[in-house]
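Report on one structure; see the data block that follows.
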Amino acid sequence: MSTNHNDVLLDVQDLKVHFKLHGGLFGQKQTGTVKAVDGVSFQVRRGETLGLVGESGCGKSTTGLGVLRMVEPTAGKVTLDGIDITALNSAALRKARRRMQMVYQDPFGALDPRMRVLDIIGEPLLIHKMFKDKKDYKAQVHDLLERVGLNPNMADRYPHQFSGGQRQRIGIARALAARPELIICDEPVSALDVSIQAQVINLLEDIQEEFGLTYLFIAHDLAVVRHICDRIMVMYLGHVVEVTDRDALYENPQHPYTQALMSAIPIPDPEEEAKRGFDRSLQGEVPSPLNPPSGCPFHPRCRFAHDACKTQKPRLMETDTGHQVACHLYDPAASDINAGDVMEDNLVRAG
Ligand SMILES: Nc1ncnc2c1ncn2[C@@H]1O[C@H](COP(=O)(O)OP(=O)(O)OP(=O)(O)O)[C@@H](O)[C@H]1O
Ligand SMILES: [Mg+2]
């Protein structure tokens, strides 16, 4: 997992995905804009796993879909291995898609129920003309089935004949078929039984190693990504609020939102839980991206919010090597804000 990944495979700059909402009798009146992703920048290095975490509705899936241009970005630039994905015409985009695939959350909805597994997994081979003849096509699908831990003679079955965990394995085999470099895993285990989740995570790790894959791994809580990610990016209401190495995030979460997510992870040992000594649990709901708060999008739920937070959007700035946070508390330029509260709280935690 943590090999040499200094070279950037995926570079996303100021990505925006805004959905126009239409109303009126014939739906021709624009009634609002959902800013699902509103200026997101990040890089994923070759071979690494970047976690993308945040509550439901914060724009994680839309970020993934925007990167693949399965929804058209409103603005921004996505570069894969030096190729400007956002500038490609549809033929060139189809070709480039071979290199980036997606594994979906819902293993029941993601597979066409009328298609046999042979054709579901083989479809990318067909699209990208990656087989010699029928025999080769079948052999490749059989290999893929075996690789994800399924019996090759299941190729003639339909999705409904499989369990949730098996279907997710089929989804993974399909994503692997065209030998991609980047796989966006959109909550790949959230819909599965806890007992099955670890098996699927292990499979994803094994194939990452075997095929040198790079992952953008989406999850809605910090517990799942801890094991599998090298770095983690936290999103809130269409914005990146914090990004850093996995260990730095767990040991020193800086953004009040990340701290709140962290305090939501249960500690199995009650004595350890008591020692945690702080409650940062989130109050209230994520505001609607149709009508986002001014200034810092998190300020209505933030216990440290100051006047500046209500009016000025914080910039993503480096607080430590490779540790970026978008919060006025850490911005020396916003000197009217007192970071003492945060420091004090961190001391309580450490003690
Ligand atoms: N096609 C669409 N049209 C309008 N709004 C959309 C569309 N797709 C997503 N949204 C809205 O954009 C916001 C972000 O949605 P998105 O699915 O990216 O969130 P998410 O972080 O993946 O959430 P979850 O954890 O529930 O999967 C939400 O408010 C959602 O309702
Ligand atoms: Mg989602």
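Just remember, in the structure tokens the first chain shown is A, the second B, etc., residues are 1-based per chain, and ligands are 1-based in the order shown.
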- Item | Surrounding residues as number ranges by chain, ligand 1, max 9 Å, only C-alpha atoms and all ligand atoms | A: 17-21, 33-37, 53-65, 71, 105, 186-187, 218-220, 235-238, 287-290
- Message: Which residue is closest to Val148 in chain A? Choose from A:Leu9, A:Pro332, A:Gln208, A:Gly24 and count only C-alpha atoms.
- Response: A:Gln208
- d(CA of Leu182 in chain A, CA of Leu93 in chain A) in Å: 14.7 Å
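Residues with any atom within 9 Å of Asp247 in chain A, counting only C-alpha atoms and excluding same-chain neighbours fewer than 4 positions away, are Arg226, Asp230, Arg231, Glu251 and Asn252 of chain A.
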- Note on the structure: From CA of Met317 in chain A to CA of Val224 in chain A the spacing works out at 26.2 Å
